[in-house]
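So the structure is just underneath, and the comments pick up after that.
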Amino acid sequence: MKDKTLWYPYAQMKSMAAPYEVESARGVYLHLSDGRRLIDAVSSWWCVIHGYNHPELTKAAKDQYDKMAHVMLGGLTHRPARDLAEKLVEITPEGLNHTFFSDSGSVGVEVSLKMAIQYWSNLGRPEKRKIAALKKAYHGDTTGAMSVCDPVEGMHSLFSPLLPRQYFLEAPRGGFEAEQSAVQKDLDALGQLLEARHNEIAAFIVEPLMQAAGGFNFYSPQYLKGARELCERYGALLIFDEVATGFGRTGAMFAANKAQVTPDIMILGKALTCGYTGHAATLATDKVFDAFLSDDPDKAFMHGPTFMGNPVACAVALKGVEIFEREGYMGKISRIESLLKENLLSVKSPAIADVRVLGATGVIEAKDASALEGAQKFAVERGVWLRPFGNYLYTMPPYIISDDELLKVVQTMREWFE
Ligand SMILES: *Cc1c(COP(=O)(O)O)cnc(C)c1O
């Protein structure tokens, strides 16, 4: 690439191939400047669940821009932020009654960690300031978030001397339908950690049911049920990072619903704002929130990103939830899941280690990353946008994708291996 003015993410700028120029996008299609169009099979890093340029979402954004693009939430308030806070409380599991906004998933995670640590401090337990996390986790690229990502594989090992030291457990094994005995082994490890270190541990953070960017590890709802009990027993808050899993991706509105487990704190991002603008929400139960109520000003939560509760972000998110509910998206998601199961699980090749599907997510895990070299170009030539990473070739399509379009995506993934 000649032009190095723009520095791209996760890219070696010396050797990076020229990126594809997108001129516009509509529905599931990216329209390239050379006239080609590609089905976006990864929803622009999983956020564009309604497809691009959805007329109602675009109108909601435009209408809000005409009123005001932004006002601070410090000392001021507005309808879109209040309505969205209320809506998120309504659609998330019972008990999550308070919404704190921020500008991206990573910041939403930072907020959750600070909230958990200050919760214990406010209760007179300031020594509880470590976090337990899982290997294969990905929680974002900012410092606190990096500290709870997989310490070796999480892209951040270079920075490990700078990061707070947290406690890591093996990623839960055995997949979504793991045997109870396998789940129990992993829970025993969590129990041992909490028993030994509960005086230091403020919270246990997980991506519920599906570890996404750290390697698409699906795991059992039983693990979350067991973790809920152990956190209760040893006094650790349970944090669900649903930035990737939220809004239907695992086949229920939230992974928490699918597992029937309510965390103390839950983070939403990515699909929250449907790809229109960055935003995140960190929700908390009364138990957490009430620990910040005090006559002592130092017990207040001292965090406030400039753009938190941005009215345009909130207006789009509200419209997004409305469309999700009105158009029966859970039905679309289960249709995607069954098409993926019927057509992806049977892909065979000596280069493949595993194929798995959960909700609207389909993953082919190669034995070696080299098996995916050239896969992106191959897909683009067939009209499909995929972005494999590590050993994983995956699809997380917009939920509005048609059967034919989805079959084209799956066929492309098949052909690459077969
Ligand atoms: C993408 C992601 C994040 C980070 O969100 P950003 O908006 O990129 O900061 C955090 N947690 C999970 C589970 C994610 O998938």
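Simple scheme: letters A, B, ... for chains in structure tokens order, numbers from 1 for residues in each chain, numbers from 1 for ligands in the order shown.
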Q. Within 12 Å of Glu56 (chain A), counting only C-alpha atoms, which residues qualify if same-chain residues fewer than 3 places away don't, as a list in words?
A. His50, Gly51, Tyr52, Asn53, Lys59, Ala60, Ala61, Lys62, Asp63, Cys274, Tyr276, Ala315, Val316, Ala317, Leu318, Lys319, Gly320, Val321, Glu322, Ile323 and Phe324 of chain A
Q: For region 174-184 of chain A, please output as a PyMOL selection string all residues within 8 Å (counting only C-alpha atoms; exclusion window: fewer than 3 positions along the same chain).
A: chain A and resi 187-188+209+217-223
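Restricting the calculation to only C-alpha atoms, the smallest distance between Ala41 (chain A) and any of A:Trp385, A:Tyr119, A:Phe301, A:Tyr329 is found for A:Trp385.
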Q: Mind checking which residues fall within 12 Å of Pro161 (chain A), counting only C-alpha atoms, ignoring those fewer than 6 positions away in the same chain, and posting them as a ChimeraX atom specification?
A: /A:143,146-147,151
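For the choices A:Tyr392, A:Phe247, A:Phe254, A:Trp45, the atom-to-atom distance to ligand 1 is smallest for A:Trp45 when using only C-alpha atoms and all ligand atoms.
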Q: Run DSSP on the backbone and grab whatever in region 266-342 of chain A lands in strand (DSSP E or B); send it over as a PyMOL selection string.
A: chain A and resi 266-268+280-285
Residues as selected, C-alpha atoms, written as a tab-separated table (two decimals), in the first residue's frame, can you do that?
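Resulting contents of out09.tsv:
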chain	number	residue	atom	x	y	z
A	266	MET	CA	-23.75	-6.47	32.26
A	267	ILE	CA	-22.11	-4.63	29.37
A	268	LEU	CA	-23.75	-3.99	25.99
A	280	ALA	CA	-22.07	1.13	25.17
A	281	ALA	CA	-24.19	0.59	28.25
A	282	THR	CA	-23.12	-0.92	31.57
A	283	LEU	CA	-26.13	-2.14	33.54
A	284	ALA	CA	-26.13	-2.87	37.26
A	285	THR	CA	-28.48	-4.46	39.79
Q. Pick from A:Arg79, A:Lys225, A:Arg26, A:Arg414: nearest to Ile39 (chain A), with only C-alpha atoms counted?
A.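 Closest to Ile39 (chain A), using only C-alpha atoms: A:Arg26.
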Any residue with an atom at most 6 Å from ligand 1 counts, using only C-alpha atoms and all ligand atoms. Which are they? Put them as a compact mmCIF listing (two decimals) with N, CA, C and O atoms, in the first residue's frame.
# COMPACT_ATOMS: atom_id res chain seq x y z
N SER A 104 -17.87 3.23 24.04
CA SER A 104 -17.48 2.04 23.27
C SER A 104 -17.48 0.83 24.18
O SER A 104 -17.50 0.97 25.41
N GLY A 105 -17.42 -0.34 23.60
CA GLY A 105 -17.43 -1.56 24.39
C GLY A 105 -16.28 -1.61 25.39
O GLY A 105 -16.47 -1.97 26.56
N SER A 106 -15.09 -1.23 24.94
CA SER A 106 -13.93 -1.26 25.84
C SER A 106 -14.17 -0.36 27.05
O SER A 106 -13.85 -0.74 28.19
N TYR A 138 -11.72 -12.00 25.36
CA TYR A 138 -11.42 -10.70 24.76
C TYR A 138 -12.43 -9.69 25.29
O TYR A 138 -13.64 -9.88 25.13
N HIS A 139 -11.94 -8.64 25.91
CA HIS A 139 -12.83 -7.63 26.48
C HIS A 139 -12.53 -6.22 26.00
O HIS A 139 -13.07 -5.26 26.54
N GLY A 140 -11.63 -6.07 25.01
CA GLY A 140 -11.36 -4.74 24.48
C GLY A 140 -9.89 -4.39 24.54
O GLY A 140 -9.07 -5.16 25.04
N GLU A 207 -17.36 -13.43 29.00
CA GLU A 207 -18.26 -13.29 27.86
C GLU A 207 -19.18 -14.51 27.97
O GLU A 207 -18.71 -15.63 27.76
N ALA A 212 -15.74 -14.63 22.09
CA ALA A 212 -15.78 -14.29 20.66
C ALA A 212 -14.38 -14.05 20.08
O ALA A 212 -13.74 -14.98 19.59
N ALA A 213 -13.88 -12.82 20.18
CA ALA A 213 -12.65 -12.48 19.47
C ALA A 213 -11.43 -13.23 20.00
O ALA A 213 -10.38 -13.25 19.35
N ASP A 241 -19.91 -9.67 30.02
CA ASP A 241 -19.59 -8.78 28.91
C ASP A 241 -20.37 -9.29 27.70
O ASP A 241 -19.95 -10.25 27.04
N GLU A 242 -21.51 -8.67 27.44
CA GLU A 242 -22.38 -9.09 26.32
C GLU A 242 -22.22 -8.15 25.11
O GLU A 242 -23.14 -7.98 24.31
N VAL A 243 -21.04 -7.53 25.00
CA VAL A 243 -20.80 -6.63 23.87
C VAL A 243 -20.94 -7.40 22.55
O VAL A 243 -21.51 -6.88 21.58
N ALA A 244 -20.46 -8.65 22.52
CA ALA A 244 -20.60 -9.46 21.30
C ALA A 244 -21.86 -10.30 21.32
O ALA A 244 -22.53 -10.47 20.30
N LYS A 270 -21.49 -2.79 20.64
CA LYS A 270 -21.59 -3.27 19.26
C LYS A 270 -23.01 -3.12 18.69
O LYS A 270 -23.38 -2.03 18.28
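The shell of residues at most 12 Å from Ser24 (chain A), with only C-alpha atoms counted and near chain neighbours (fewer than 6 positions) removed, consists of A:Leu30, A:His31, A:Leu32, A:Ser33, A:Asp34, A:Gly35, A:Arg36, A:Arg37, A:Leu38, A:Tyr52, A:Asn53.
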Q: Enumerate the residues of region 218-394 of chain A with a DSSP assignment of helix (DSSP H, G or I), computed from the backbone, and present them as JSON, numbers by chain.
A: {"A": [221, 222, 223, 224, 225, 226, 227, 228, 229, 230, 231, 232, 233, 234, 255, 256, 257, 258, 259, 270, 271, 272, 273, 286, 287, 288, 289, 290, 297, 298, 299, 311, 312, 313, 314, 315, 316, 317, 318, 319, 320, 321, 322, 323, 324, 325, 326, 329, 330, 331, 332, 333, 334, 335, 336, 337, 338, 339, 340, 341, 342, 343, 344, 369, 370, 371, 372, 375, 376, 377, 378, 379, 380, 381]}
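The residue that comes closest to Cys314 (chain A), out of A:Gly248, A:Gly235, A:Pro80, A:Pro9 and on the basis of only C-alpha atoms, is A:Pro80.
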Q. Which one of A:Ala351, A:Ala271, A:Val71, A:Leu339 sits closest to Met253 (chain A) if you count only C-alpha atoms?
A.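 Result for the nearest residue to Met253 (chain A): A:Ala271.
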**Q.** Test item: residues at most 9 Å from His279 (chain A), only C-alpha atoms, excluding those fewer than 6 positions along its chain, as a list in words
**A.**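 Within the cut-off, the hits are Phe101, Ser102, Asp103, Ser104, Gly105, Gly108, Leu268, Gly269, Lys270, Leu272, Thr273, Phe307, Met308, Gly309, Asn310, Ala313 and Cys314 of chain A.
The residue that comes closest to Gly374 (chain A), out of A:Tyr10, A:Phe100, A:Trp416, A:Phe204 and on the basis of only C-alpha atoms, is A:Trp416.
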Q: Show which residues sit within 12 Å of Arg125 (chain A), as a VMD selection string. Count only C-alpha atoms, and ignore same-chain residues fewer than 5 positions away.
A: chain A and resid 116 to 120 130 198 to 202 235 to 236 291
How about saving the chosen residues, N, CA and C atoms kept, as a compact mmCIF listing (two decimals), in the first residue's frame?
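Saved result, part-v5.txt, follows:
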# COMPACT_ATOMS: atom_id res chain seq x y z
N ALA A 116 -17.19 -2.50 39.96
CA ALA A 116 -17.06 -3.67 40.84
C ALA A 116 -16.07 -3.37 41.97
N ILE A 117 -14.96 -2.75 41.64
CA ILE A 117 -13.94 -2.48 42.66
C ILE A 117 -14.44 -1.44 43.66
N GLN A 118 -15.09 -0.40 43.13
CA GLN A 118 -15.60 0.62 44.05
C GLN A 118 -16.78 0.11 44.88
N TYR A 119 -17.55 -0.82 44.32
CA TYR A 119 -18.62 -1.43 45.09
C TYR A 119 -18.08 -1.98 46.40
N TRP A 120 -16.99 -2.74 46.31
CA TRP A 120 -16.41 -3.34 47.52
C TRP A 120 -15.77 -2.29 48.41
N LYS A 130 -9.01 -7.17 42.78
CA LYS A 130 -8.54 -8.00 41.66
C LYS A 130 -9.75 -8.54 40.91
N HIS A 198 -10.72 -14.99 47.71
CA HIS A 198 -11.92 -14.15 47.73
C HIS A 198 -11.70 -12.84 48.48
N ASN A 199 -10.68 -12.80 49.33
CA ASN A 199 -10.40 -11.53 50.01
C ASN A 199 -9.83 -10.47 49.08
N GLU A 200 -9.33 -10.90 47.92
CA GLU A 200 -8.75 -9.95 46.96
C GLU A 200 -9.66 -9.73 45.75
N ILE A 201 -10.53 -10.72 45.47
CA ILE A 201 -11.25 -10.69 44.19
C ILE A 201 -12.57 -9.92 44.30
N ALA A 202 -12.68 -8.90 43.46
CA ALA A 202 -13.90 -8.08 43.43
C ALA A 202 -14.96 -8.68 42.52
N GLY A 235 -18.63 -14.10 47.63
CA GLY A 235 -18.65 -12.64 47.59
C GLY A 235 -17.82 -12.04 46.48
N ALA A 236 -18.12 -12.45 45.24
CA ALA A 236 -17.51 -11.79 44.07
C ALA A 236 -18.67 -11.39 43.16
N ALA A 291 -24.91 0.47 46.66
CA ALA A 291 -23.65 0.64 47.41
C ALA A 291 -23.00 1.99 47.11
Q) CA of Val109 (chain A) and CA of Ser294 (chain A), how far apart in Å? A)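 Going from CA of Ser294 (chain A) over to CA of Val109 (chain A) covers 24.3 Å.
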So that I can see what lies close to Ser160 (chain A), please list as a compact mmCIF listing (two decimals) with N, CA, C and O atoms, in the first residue's frame the residues with an atom at most 12 Å from it, counting only C-alpha atoms and leaving out residues fewer than 5 positions away in the same chain.
# COMPACT_ATOMS: atom_id res chain seq x y z
N THR A 143 -6.67 -0.22 28.67
CA THR A 143 -5.76 -0.85 29.64
C THR A 143 -6.47 -1.82 30.60
O THR A 143 -6.05 -2.97 30.74
N GLY A 144 -7.53 -1.37 31.24
CA GLY A 144 -8.23 -2.26 32.16
C GLY A 144 -8.80 -3.47 31.43
O GLY A 144 -8.70 -4.61 31.90
N MET A 146 -7.68 -4.74 28.63
CA MET A 146 -6.57 -5.61 28.25
C MET A 146 -6.16 -6.52 29.40
O MET A 146 -5.76 -7.66 29.18
N SER A 147 -6.26 -6.02 30.63
CA SER A 147 -5.81 -6.80 31.78
C SER A 147 -6.67 -8.03 32.01
O SER A 147 -6.25 -8.96 32.71
N VAL A 148 -7.89 -8.06 31.45
CA VAL A 148 -8.75 -9.24 31.61
C VAL A 148 -8.91 -10.04 30.31
O VAL A 148 -9.70 -10.97 30.24
N CYS A 149 -8.15 -9.66 29.27
CA CYS A 149 -8.08 -10.48 28.06
C CYS A 149 -7.10 -11.62 28.31
O CYS A 149 -6.26 -11.53 29.20
N ASP A 150 -7.17 -12.68 27.48
CA ASP A 150 -6.21 -13.76 27.60
C ASP A 150 -4.80 -13.18 27.66
O ASP A 150 -4.40 -12.42 26.79
N PRO A 151 -4.05 -13.53 28.72
CA PRO A 151 -2.77 -12.85 28.93
C PRO A 151 -1.70 -13.20 27.90
O PRO A 151 -0.75 -12.45 27.73
N VAL A 152 -1.86 -14.33 27.20
CA VAL A 152 -0.85 -14.73 26.22
C VAL A 152 -1.36 -14.51 24.80
O VAL A 152 -0.71 -13.86 23.98
N GLU A 153 -2.57 -15.03 24.54
CA GLU A 153 -3.11 -14.99 23.18
C GLU A 153 -3.86 -13.69 22.89
O GLU A 153 -4.30 -13.47 21.77
N GLY A 154 -4.04 -12.87 23.89
CA GLY A 154 -4.96 -11.74 23.75
C GLY A 154 -4.41 -10.51 23.05
O GLY A 154 -4.96 -9.44 23.22
N MET A 155 -3.34 -10.63 22.29
CA MET A 155 -2.76 -9.54 21.50
C MET A 155 -2.06 -8.50 22.37
O MET A 155 -1.52 -7.54 21.86
N ARG A 165 -2.31 -7.03 37.47
CA ARG A 165 -2.28 -8.51 37.44
C ARG A 165 -3.61 -9.05 37.88
O ARG A 165 -4.07 -8.74 38.99
N GLN A 166 -4.23 -9.84 37.05
CA GLN A 166 -5.51 -10.44 37.41
C GLN A 166 -5.34 -11.94 37.54
O GLN A 166 -4.28 -12.49 37.27
(Q) Quick check, in Å to one decimal: how far apart do CA of Tyr29 (chain A) and CA of Ile364 (chain A) lie? (A)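 Pair CA of Tyr29 (chain A) / CA of Ile364 (chain A) returns 22.6 Å.
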